[in-house]
file work26.cif (mmCIF, C-alpha atoms)
data_start
loop_
_atom_site.label_atom_id
_atom_site.label_comp_id
_atom_site.auth_asym_id
_atom_site.auth_seq_id
_atom_site.Cartn_x
_atom_site.Cartn_y
_atom_site.Cartn_z
CA MET A 1 80.04 128.57 110.40
CA ASP A 2 83.67 127.53 110.26
CA ARG A 3 84.87 123.96 110.23
CA GLU A 4 85.77 123.88 113.91
CA ALA A 5 82.31 125.09 114.91
CA LEU A 6 80.69 122.48 112.66
CA ALA A 7 82.84 119.72 114.16
CA GLU A 8 81.85 120.88 117.65
CA CYS A 9 78.18 120.61 116.73
CA VAL A 10 78.64 116.96 115.73
CA GLU A 11 80.58 116.27 118.91
CA ARG A 12 77.85 117.89 121.03
CA ILE A 13 75.27 115.66 119.33
CA ALA A 14 77.40 112.60 120.10
CA ALA A 15 78.06 113.59 123.71
CA ASN A 16 74.70 115.05 124.80
CA ALA A 17 72.12 114.37 122.08
CA ASP A 18 72.19 118.15 121.73
CA ARG A 19 69.14 119.24 119.70
CA ALA A 20 70.26 122.84 119.36
CA ALA A 21 73.55 121.67 117.82
CA PHE A 22 71.55 119.49 115.44
CA ALA A 23 69.37 122.45 114.43
CA GLN A 24 72.49 124.51 113.68
CA LEU A 25 73.97 121.77 111.51
CA TYR A 26 70.63 121.26 109.82
CA LEU A 27 70.23 124.88 108.84
CA HIS A 28 73.78 125.00 107.53
CA PHE A 29 73.89 121.71 105.62
CA ALA A 30 70.36 120.64 104.60
CA PRO A 31 70.06 123.34 101.89
CA ARG A 32 73.54 122.51 100.58
CA VAL A 33 72.94 118.76 100.50
CA LYS A 34 69.61 119.44 98.79
CA GLY A 35 71.46 121.52 96.20
CA TYR A 36 74.00 118.74 95.64
CA LEU A 37 71.29 116.11 95.14
CA MET A 38 69.32 118.31 92.74
CA ARG A 39 72.45 118.96 90.77
CA LEU A 40 72.86 115.19 90.37
CA GLY A 41 69.35 114.64 89.11
CA ALA A 42 66.92 114.50 92.06
CA ASP A 43 63.76 116.64 91.82
CA ALA A 44 63.22 119.22 94.56
CA GLY A 45 60.85 117.09 96.64
CA LEU A 46 63.06 114.00 96.61
CA ALA A 47 66.21 116.06 97.24
CA GLU A 48 64.54 117.63 100.27
CA ASP A 49 63.50 114.25 101.68
CA LEU A 50 66.96 112.80 101.12
CA ALA A 51 68.69 115.84 102.63
CA GLN A 52 66.55 115.34 105.73
CA GLU A 53 67.53 111.65 105.85
CA VAL A 54 71.20 112.58 105.47
CA LEU A 55 71.00 114.95 108.44
CA LEU A 56 69.14 112.33 110.50
CA THR A 57 71.98 109.94 109.71
CA VAL A 58 74.34 112.54 111.16
CA TRP A 59 72.29 112.44 114.37
CA ARG A 60 72.39 108.64 114.53
CA LYS A 61 76.06 108.25 113.59
CA ALA A 62 77.52 111.31 115.32
CA ALA A 63 79.59 109.07 117.61
CA HIS A 64 81.44 107.71 114.56
CA PHE A 65 82.61 111.14 113.44
CA ASP A 66 86.28 111.85 114.05
CA ARG A 67 87.51 115.33 113.25
CA ARG A 68 91.06 114.05 112.88
CA GLN A 69 89.89 111.84 110.00
CA SER A 70 87.78 114.27 108.00
CA SER A 71 85.89 117.53 108.02
CA VAL A 72 82.14 117.49 108.70
CA SER A 73 81.54 118.52 105.07
CA THR A 74 83.52 115.55 103.75
CA TRP A 75 81.79 113.14 106.12
CA LEU A 76 78.39 114.50 105.12
CA TYR A 77 79.33 114.31 101.46
CA THR A 78 79.99 110.56 101.78
CA ILE A 79 76.61 110.03 103.48
CA ALA A 80 74.81 112.04 100.76
CA ARG A 81 76.71 110.28 97.97
CA ASN A 82 75.74 106.89 99.40
CA ARG A 83 72.07 107.84 99.71
CA ARG A 84 72.17 109.01 96.12
CA ILE A 85 73.44 105.60 94.96
CA ASP A 86 70.86 103.77 97.09
CA VAL A 87 67.88 105.82 96.00
CA LEU A 88 68.59 107.52 92.67
CA ARG A 89 70.46 104.64 91.09
CA ARG A 90 68.47 101.98 92.96
CA GLU A 91 71.49 99.75 93.29
CA ARG A 92 72.98 97.82 96.12
CA ARG A 93 76.09 99.52 97.30
CA PRO A 94 79.19 97.72 98.50
CA GLU A 95 79.84 98.90 102.03
CA LEU A 96 83.31 99.38 103.44
CA ASP A 97 83.31 98.60 107.15
CA PRO A 98 86.05 100.20 109.27
CA GLU A 99 85.54 97.43 111.85
CA ASP A 100 85.84 94.56 109.34
CA PRO A 101 88.36 92.07 110.78
CA ALA A 102 89.62 91.52 107.21
CA LEU A 103 90.52 95.23 106.88
CA VAL A 104 94.25 95.82 106.58
CA PRO A 105 94.91 98.71 108.99
CA ALA A 106 96.89 101.80 108.00
CA ALA A 107 100.33 102.23 109.48
CA PRO A 108 100.24 104.96 112.13
CA VAL A 109 101.64 108.29 110.90
CA ALA A 110 104.09 110.06 113.20
CA ALA A 111 102.55 113.20 114.67
CA ASP A 112 105.37 115.44 113.45
CA VAL A 113 104.84 114.48 109.78
CA ALA A 114 101.05 114.21 109.76
CA MET A 115 99.36 117.23 108.26
CA ASP A 116 96.38 118.28 110.30
CA GLN A 117 93.01 118.03 108.62
CA SER A 118 92.42 121.74 108.09
CA ARG A 119 95.84 122.21 106.50
CA ARG A 120 95.20 119.20 104.27
CA ASP A 121 91.87 120.65 103.12
CA ALA A 122 93.53 123.98 102.40
CA SER A 123 96.34 122.30 100.44
CA LEU A 124 93.81 120.25 98.50
CA ARG A 125 91.79 123.30 97.51
CA ALA A 126 94.94 125.13 96.46
CA ALA A 127 96.04 122.14 94.40
CA ILE A 128 92.65 121.91 92.64
CA ALA A 129 92.79 125.60 91.81
CA GLU A 130 96.17 125.04 90.15
CA LEU A 131 95.15 122.06 88.02
CA PRO A 132 95.18 122.64 84.25
CA ALA A 133 91.63 123.34 83.04
CA GLU A 134 91.40 120.07 81.09
CA GLN A 135 92.08 118.13 84.30
CA SER A 136 89.86 120.08 86.69
CA GLU A 137 87.07 119.85 84.12
CA LEU A 138 87.13 116.05 84.46
CA LEU A 139 86.87 116.21 88.24
CA ARG A 140 84.01 118.68 87.91
CA LEU A 141 82.13 116.32 85.58
CA ALA A 142 82.72 113.40 87.96
CA PHE A 143 81.68 115.12 91.18
CA TYR A 144 79.23 117.78 89.96
CA GLU A 145 77.53 115.87 87.18
CA GLY A 146 77.86 112.31 88.36
CA LYS A 147 79.59 110.98 85.26
CA SER A 148 81.93 107.99 85.32
CA HIS A 149 85.18 108.31 83.38
CA SER A 150 83.77 106.29 80.48
CA GLU A 151 80.60 108.44 80.42
CA ILE A 152 82.81 111.54 80.36
CA ALA A 153 84.66 110.16 77.32
CA VAL A 154 81.36 109.71 75.47
CA ALA A 155 79.88 113.05 76.58
CA ARG A 156 82.99 115.02 75.60
CA ALA A 157 83.82 112.92 72.51
CA LEU A 158 87.29 112.21 73.93
CA PRO A 159 89.19 108.95 73.49
CA LEU A 160 88.84 106.86 76.66
CA GLY A 161 92.64 106.73 76.99
CA THR A 162 92.79 110.54 77.07
CA VAL A 163 90.25 110.72 79.89
CA LYS A 164 92.13 108.05 81.83
CA SER A 165 95.52 109.74 81.45
CA ARG A 166 94.17 113.20 82.39
CA MET A 167 92.52 111.75 85.49
CA ARG A 168 95.77 110.04 86.47
CA LEU A 169 97.68 113.29 86.04
CA ALA A 170 95.16 115.20 88.18
CA PHE A 171 95.21 112.47 90.81
CA ASN A 172 99.01 112.50 91.02
CA ARG A 173 99.12 116.26 91.38
CA LEU A 174 96.62 116.15 94.24
CA ARG A 175 98.55 113.36 95.90
CA ARG A 176 101.83 115.27 95.70
CA ALA A 177 100.19 118.38 97.13
CA LEU A 178 99.05 116.40 100.17
CA GLU A 179 102.16 114.41 100.91
CA PRO A 180 103.47 115.28 104.33
CA THR A 181 106.53 117.48 103.92
CA LEU A 182 109.45 115.85 105.65
CA MET B 1 100.65 94.80 101.18
CA ALA B 2 99.12 95.29 97.76
CA VAL B 3 101.51 96.25 94.96
CA PHE B 4 99.08 96.50 92.03
CA HIS B 5 96.26 99.00 92.51
CA PRO B 6 93.19 100.09 90.54
CA SER B 7 94.21 103.11 88.47
CA ALA B 8 93.13 106.63 89.37
CA GLU B 9 90.05 106.80 87.16
CA TYR B 10 88.46 103.89 89.04
CA LEU B 11 89.16 105.54 92.40
CA VAL B 12 87.66 108.81 91.11
CA ASP B 13 84.57 106.93 89.87
CA TYR B 14 84.25 105.32 93.30
CA ALA B 15 84.78 108.48 95.36
CA ALA B 16 82.34 110.45 93.20
CA GLY B 17 79.72 107.69 93.47
CA ASN B 18 79.81 106.81 89.77
CA SER B 19 81.21 103.26 89.72
CA SER B 20 79.19 100.48 88.17
CA GLU B 21 78.07 98.12 90.89
CA ALA B 22 80.48 95.37 89.77
CA LEU B 23 83.55 97.63 89.72
CA GLY B 24 82.40 99.48 92.85
CA LEU B 25 82.41 96.13 94.63
CA LEU B 26 85.88 95.33 93.30
CA VAL B 27 87.25 98.73 94.36
CA ALA B 28 85.60 98.56 97.81
CA THR B 29 87.08 95.09 98.38
CA HIS B 30 90.52 96.32 97.33
CA LEU B 31 90.15 99.32 99.67
CA ALA B 32 89.57 96.96 102.61
CA LEU B 33 92.93 95.36 101.81
CA CYS B 34 94.88 98.50 100.84
CA PRO B 35 95.28 101.37 103.33
CA GLY B 36 97.11 103.44 100.70
CA CYS B 37 94.16 103.45 98.31
CA ARG B 38 91.78 104.05 101.24
CA ALA B 39 93.72 107.21 102.03
CA ALA B 40 93.66 108.22 98.36
CA VAL B 41 89.88 107.79 98.19
CA GLY B 42 89.64 109.81 101.42
CA ARG B 43 91.44 112.69 99.69
CA LEU B 44 89.08 112.47 96.73
CA GLU B 45 86.11 112.47 99.09
CA ALA B 46 87.46 115.71 100.53
CA LEU B 47 86.83 117.11 97.04
CA GLY B 48 83.22 116.12 97.56
CA GLY B 49 83.30 117.94 100.91
CA ALA B 50 84.55 121.05 99.16
CA LEU B 51 81.71 120.63 96.68
CA ILE B 52 79.14 120.61 99.51
CA ASP B 53 80.79 123.69 101.07
CA GLY B 54 80.65 125.53 97.76
CA MET B 55 77.06 124.55 96.96
CA THR B 56 74.60 127.38 96.63
CA PRO B 57 72.07 126.57 99.37
CA SER B 58 68.76 125.45 97.91
CA ALA B 59 66.04 126.70 100.23
CA THR B 60 64.29 123.94 102.15
CA HIS B 61 60.69 124.12 103.30
CA GLY B 62 60.07 126.06 106.48
CA ARG B 63 58.76 122.90 108.10
CA SER B 64 61.80 120.84 107.11
CA LEU B 65 63.80 121.42 110.30
CA GLY B 66 60.71 120.93 112.48
CA GLY B 67 60.02 117.64 110.71
CA ALA B 68 63.57 116.48 111.33
CA LEU B 69 63.51 117.49 115.00
CA ALA B 70 60.25 115.60 115.47
CA GLN B 71 61.98 112.44 114.23
CA LEU B 72 65.01 112.66 116.51
CA ASP B 73 63.39 110.76 119.35
CA ARG B 74 62.80 107.82 117.06
CA ALA B 75 66.29 107.99 115.52
CA ALA B 76 68.32 105.98 118.02
CA GLN B 77 71.92 107.11 118.26
CA GLU B 78 74.57 104.51 117.62
CA GLN B 79 77.33 104.05 120.14
CA ALA B 80 80.90 104.54 119.04
CA VAL B 81 82.76 101.30 118.55
CA PRO B 82 86.19 101.54 120.11
CA ARG B 83 88.82 101.27 117.40
CA ARG B 84 91.07 98.23 117.41
CA SER B 85 88.50 96.29 119.38
CA ARG B 86 88.77 93.53 116.85
CA ALA B 87 89.93 90.21 118.18
CA ALA B 88 93.44 89.45 117.03
CA GLY B 89 93.35 86.37 114.86
CA ARG B 90 93.37 85.30 111.29
CA ALA B 91 91.70 87.81 109.02
CA PRO B 92 88.76 86.29 107.13
CA MET B 93 89.53 85.61 103.49
CA LEU B 94 86.59 87.67 102.26
CA PRO B 95 86.48 91.37 103.20
CA ARG B 96 83.04 92.58 104.22
CA PRO B 97 81.91 94.24 100.97
CA LEU B 98 82.27 90.92 99.16
CA ARG B 99 80.95 88.84 102.08
CA ASP B 100 77.75 90.89 101.97
CA TYR B 101 77.21 89.96 98.33
CA LEU B 102 77.90 86.27 98.80
CA GLY B 103 75.69 85.92 101.84
CA ALA B 104 78.16 83.41 103.24
CA ALA B 105 80.40 83.38 106.28
CA GLY B 106 83.55 82.65 104.32
CA ASP B 107 84.59 79.05 104.62
CA GLU B 108 81.45 77.32 103.41
CA LEU B 109 81.34 78.64 99.87
CA PRO B 110 79.27 76.91 97.18
CA TRP B 111 82.10 76.27 94.71
CA ARG B 112 81.21 74.60 91.42
CA GLY B 113 83.63 73.07 88.93
CA LEU B 114 84.10 75.14 85.78
CA PHE B 115 87.10 73.56 84.05
CA PRO B 116 89.46 70.90 85.43
CA GLY B 117 91.35 72.62 88.26
CA ILE B 118 89.12 75.71 88.25
CA LYS B 119 86.05 76.29 90.39
CA ARG B 120 83.75 79.23 90.39
CA ILE B 121 80.93 80.98 92.21
CA ALA B 122 78.85 83.37 90.13
CA LEU B 123 77.65 86.50 91.91
CA PRO B 124 74.15 87.83 91.32
CA ALA B 125 73.82 90.02 88.22
CA LEU B 126 75.40 93.43 88.81
CA SER B 127 75.53 96.49 86.59
CA GLY B 128 78.79 96.97 84.75
CA GLY B 129 80.00 93.43 84.24
CA THR B 130 80.05 89.78 85.18
CA ALA B 131 81.36 89.18 88.70
CA GLU B 132 82.55 85.83 90.00
CA LEU B 133 84.87 84.20 92.49
CA LEU B 134 87.40 81.87 90.90
CA MET B 135 89.49 79.22 92.62
CA ILE B 136 92.44 78.07 90.53
CA GLY B 137 94.14 74.92 91.74
CA ALA B 138 97.82 75.06 92.76
CA GLY B 139 100.00 75.38 89.67
CA ARG B 140 96.98 75.35 87.32
CA ALA B 141 96.50 77.83 84.52
CA ILE B 142 93.43 79.58 83.21
CA PRO B 143 93.26 78.59 79.51
CA ARG B 144 94.73 81.21 77.19
CA HIS B 145 92.13 83.87 76.41
CA THR B 146 91.53 87.42 75.23
CA HIS B 147 88.86 89.91 76.22
CA ARG B 148 86.27 91.99 74.50
CA GLY B 149 86.22 94.39 77.44
CA ASP B 150 88.53 94.96 80.39
CA GLU B 151 88.93 92.20 82.95
CA PHE B 152 89.84 92.84 86.60
CA ASN B 153 91.18 90.20 88.96
CA LEU B 154 91.54 90.93 92.66
CA VAL B 155 93.54 88.29 94.52
CA LEU B 156 91.98 87.20 97.83
CA ALA B 157 94.13 84.17 98.67
CA GLY B 158 97.26 82.59 97.27
CA GLY B 159 98.71 84.26 94.20
CA PHE B 160 99.26 83.95 90.48
CA CYS B 161 101.78 84.90 87.82
CA ASP B 162 100.90 86.54 84.56
CA GLY B 163 103.98 86.96 82.39
CA ALA B 164 106.66 88.61 84.55
CA ASP B 165 104.26 89.93 87.20
CA HIS B 166 103.26 88.19 90.41
CA TYR B 167 99.97 89.08 92.12
CA GLY B 168 99.19 88.37 95.77
CA ARG B 169 96.39 89.16 98.24
CA GLY B 170 94.95 92.61 97.63
CA ASP B 171 96.52 93.07 94.19
CA VAL B 172 94.37 94.00 91.22
CA ALA B 173 95.41 92.72 87.79
CA VAL B 174 93.82 94.46 84.82
CA ALA B 175 93.78 92.87 81.38
CA ASP B 176 92.41 94.86 78.48
CA PHE B 177 91.13 93.49 75.22
CA GLN B 178 94.61 93.49 73.67
CA VAL B 179 96.00 91.02 76.19
CA ASN B 180 96.08 87.36 75.24
CA HIS B 181 97.21 85.74 78.44
CA ARG B 182 97.39 82.59 80.50
CA PRO B 183 97.62 83.36 84.24
CA VAL B 184 99.14 80.55 86.33
CA ALA B 185 98.38 80.01 90.03
CA ASP B 186 101.27 79.64 92.47
CA SER B 187 102.36 76.08 93.07
CA ASP B 188 102.02 76.20 96.87
CA GLY B 189 98.22 76.36 97.07
CA PRO B 190 95.04 77.38 95.31
CA CYS B 191 94.55 80.98 94.25
CA ILE B 192 91.20 82.62 94.92
CA CYS B 193 90.31 85.73 92.91
CA PHE B 194 87.38 88.04 92.62
CA ALA B 195 87.02 88.62 88.88
CA VAL B 196 84.97 91.24 87.07
CA SER B 197 84.73 91.16 83.28
CA GLU B 198 83.13 93.98 81.41
CA ALA B 199 82.51 91.45 78.61
CA PRO B 200 83.03 87.69 78.74
CA PRO B 201 86.54 86.40 77.93
CA ARG B 202 87.17 84.56 74.66
CA PHE B 203 89.37 81.48 74.83
CA THR B 204 91.90 81.22 72.03
CA GLY B 205 93.73 77.87 72.27
CA LEU B 206 92.40 74.64 70.76
CA LEU B 207 90.95 73.53 74.10
CA GLY B 208 89.68 77.08 74.48
CA GLN B 209 87.71 76.95 71.27
CA VAL B 210 85.89 73.93 72.60
CA LEU B 211 85.32 75.76 75.89
CA ASN B 212 83.83 78.71 74.02
CA LEU B 213 81.17 76.35 72.68
CA PHE B 214 80.29 75.22 76.20
CA THR B 215 80.40 78.61 77.84
CA GLY B 216 78.40 80.20 75.03
CA ARG B 217 81.15 82.63 74.14
#

call {"tool": "encode", "arguments": {"input": "work26.cif", "output": "structure tokens"}}
result
Amino acid sequence: MDREALAECVERIAANADRAAFAQLYLHFAPRVKGYLMRLGADAGLAEDLAQEVLLTVWRKAAHFDRRQSSVSTWLYTIARNRRIDVLRRERRPELDPEDPALVPAAPVAADVAMDQSRRDASLRAAIAELPAEQSELLRLAFYEGKSHSEIAVARALPLGTVKSRMRLAFNRLRRALEPTL
Amino acid sequence: MAVFHPSAEYLVDYAAGNSSEALGLLVATHLALCPGCRAAVGRLEALGGALIDGMTPSATHGRSLGGALAQLDRAAQEQAVPRRSRAAGRAPMLPRPLRDYLGAAGDELPWRGLFPGIKRIALPALSGGTAELLMIGAGRAIPRHTHRGDEFNLVLAGGFCDGADHYGRGDVAVADFQVNHRPVADSDGPCICFAVSEAPPRFTGLLGQVLNLFTGR
């Protein structure tokens, strides 16, 4: 399923409590979310239960999804990541609330400079593919193996300062790739 | 608008779900006050989205979907909250992530004197460091000290100077173990900071050496 079709499924759930749309999303994402959670240390049974919870969260929170803000995959990733912290790490998790009156709002971006979400995702993937291996390796360890930057330094026997500076370089390259072209 | 931000490695830790609880709370609170870093974390989360897309599907049980469908009737759907529905007014001093941990509404905080001119509220024990709110009286200084680990200070109200740099609401000041410093609050009012220390500070002046005895450092 392409990203537009996935976004439509979420919107159909929000608008009509559409069970067929939910089933489509479930069959597409539950096995992937399960794979992600197993990769980060959950056993098969737990990963399956959590993947189901993640998809049920999609059902409950469908009205909060905004395809202009993120792709369905990215939205689902944040839900799965949060469940992983709650359950696998058994920690409280600070929650950012978009409706918090203390939140400083973003300045609106003019429509003619804003990159649409699918172009931004494409640019991001292209930029990752072009990162030097030593930088993309760090992002892989962070996202695929759940290691913090200081854990990466220990695991790879690298000075902490080296890990920090490589992450900053990678981060700056990704940011430049996504800046709206004026 | 914040001028001093957490560096990239802390945003990557946060977006990938690998922050310690103490630094995760500091980053989340900064994100509430800094739309630029929120956008940056959003881009990093898109990496996570790409990770999910690229994941080899791990077969789920045949009854998995059926089980989920059977639960839909019990899973009440939330209504969308219209954006910008917030009442215009003064923003609370404490952004929500921090408010949740203090269990307080904001104004009635249980401050306790630490040193003359400095009050503090200790947060419950968190992984990754000691977390506390500090209120430094107008024009007062934190006694000169060094660190055994990194120290992070997020300004929530007022401001302070450390050497040539001035920090205001939303700014994050990072001091590593090499820094021997004496931050001074602005003279026009108290400065309130959320501070996370990976290891307790060590006071270095004469007064500080006495303080070390009392604070067990």

call {"tool": "residues_around", "arguments": {"input": "work26.cif", "residues": "Leu55 of chain A", "least_positions_apart": "2", "cutoff": "10 Å", "atoms": "all atoms listed in the file", "output": "mmCIF file with C-alpha atoms, in the coordinates of the input"}}
result
data_model
loop_
_atom_site.group_PDB
_atom_site.id
_atom_site.type_symbol
_atom_site.label_atom_id
_atom_site.label_comp_id
_atom_site.auth_asym_id
_atom_site.auth_seq_id
_atom_site.Cartn_x
_atom_site.Cartn_y
_atom_site.Cartn_z
ATOM 1 C CA PHE A 22 71.550 119.490 115.440
ATOM 2 C CA ALA A 23 69.370 122.450 114.430
ATOM 3 C CA LEU A 25 73.970 121.770 111.510
ATOM 4 C CA TYR A 26 70.630 121.260 109.820
ATOM 5 C CA LEU A 27 70.230 124.880 108.840
ATOM 6 C CA PHE A 29 73.890 121.710 105.620
ATOM 7 C CA ALA A 30 70.360 120.640 104.600
ATOM 8 C CA VAL A 33 72.940 118.760 100.500
ATOM 9 C CA LEU A 50 66.960 112.800 101.120
ATOM 10 C CA ALA A 51 68.690 115.840 102.630
ATOM 11 C CA GLN A 52 66.550 115.340 105.730
ATOM 12 C CA GLU A 53 67.530 111.650 105.850
ATOM 13 C CA THR A 57 71.980 109.940 109.710
ATOM 14 C CA VAL A 58 74.340 112.540 111.160
ATOM 15 C CA TRP A 59 72.290 112.440 114.370
ATOM 16 C CA ARG A 60 72.390 108.640 114.530
ATOM 17 C CA LYS A 61 76.060 108.250 113.590
ATOM 18 C CA LEU A 76 78.390 114.500 105.120
ATOM 19 C CA ILE A 79 76.610 110.030 103.480
ATOM 20 C CA ALA A 80 74.810 112.040 100.760
ATOM 21 C CA LEU B 65 63.800 121.420 110.300
ATOM 22 C CA ALA B 68 63.570 116.480 111.330
#

call {"tool": "closest_residue", "arguments": {"input": "work26.cif", "among": "B:Ala173, B:Leu31, B:Val41, B:Ala199", "to": "Glu9 of chain B", "atoms": "only C-alpha atoms"}}
result
B:Val41

call {"tool": "atom_distance", "arguments": {"input": "work26.cif", "atom1": "atom CA of Arg38 of chain B", "atom2": "atom CA of Tyr14 of chain B"}}
result
11.0 Å

call {"tool": "atom_distance", "arguments": {"input": "work26.cif", "atom1": "atom CA of Gly113 of chain B", "atom2": "atom CA of Leu154 of chain B"}}
result
19.9 Å

call {"tool": "resolve_selection", "arguments": {"input": "work26.cif", "expression": "the PyMOL selection byres ((chain B and resi 37) around 10)", "output": "list in words"}}
result
Ala2, His5, Pro6, Ser7, Ala8, Leu11, Val27, Ala28, His30, Leu31, Ala32, Leu33, Cys34, Pro35, Gly36, Arg38, Ala39, Ala40, Val41, Gly42 and Arg43 of chain B
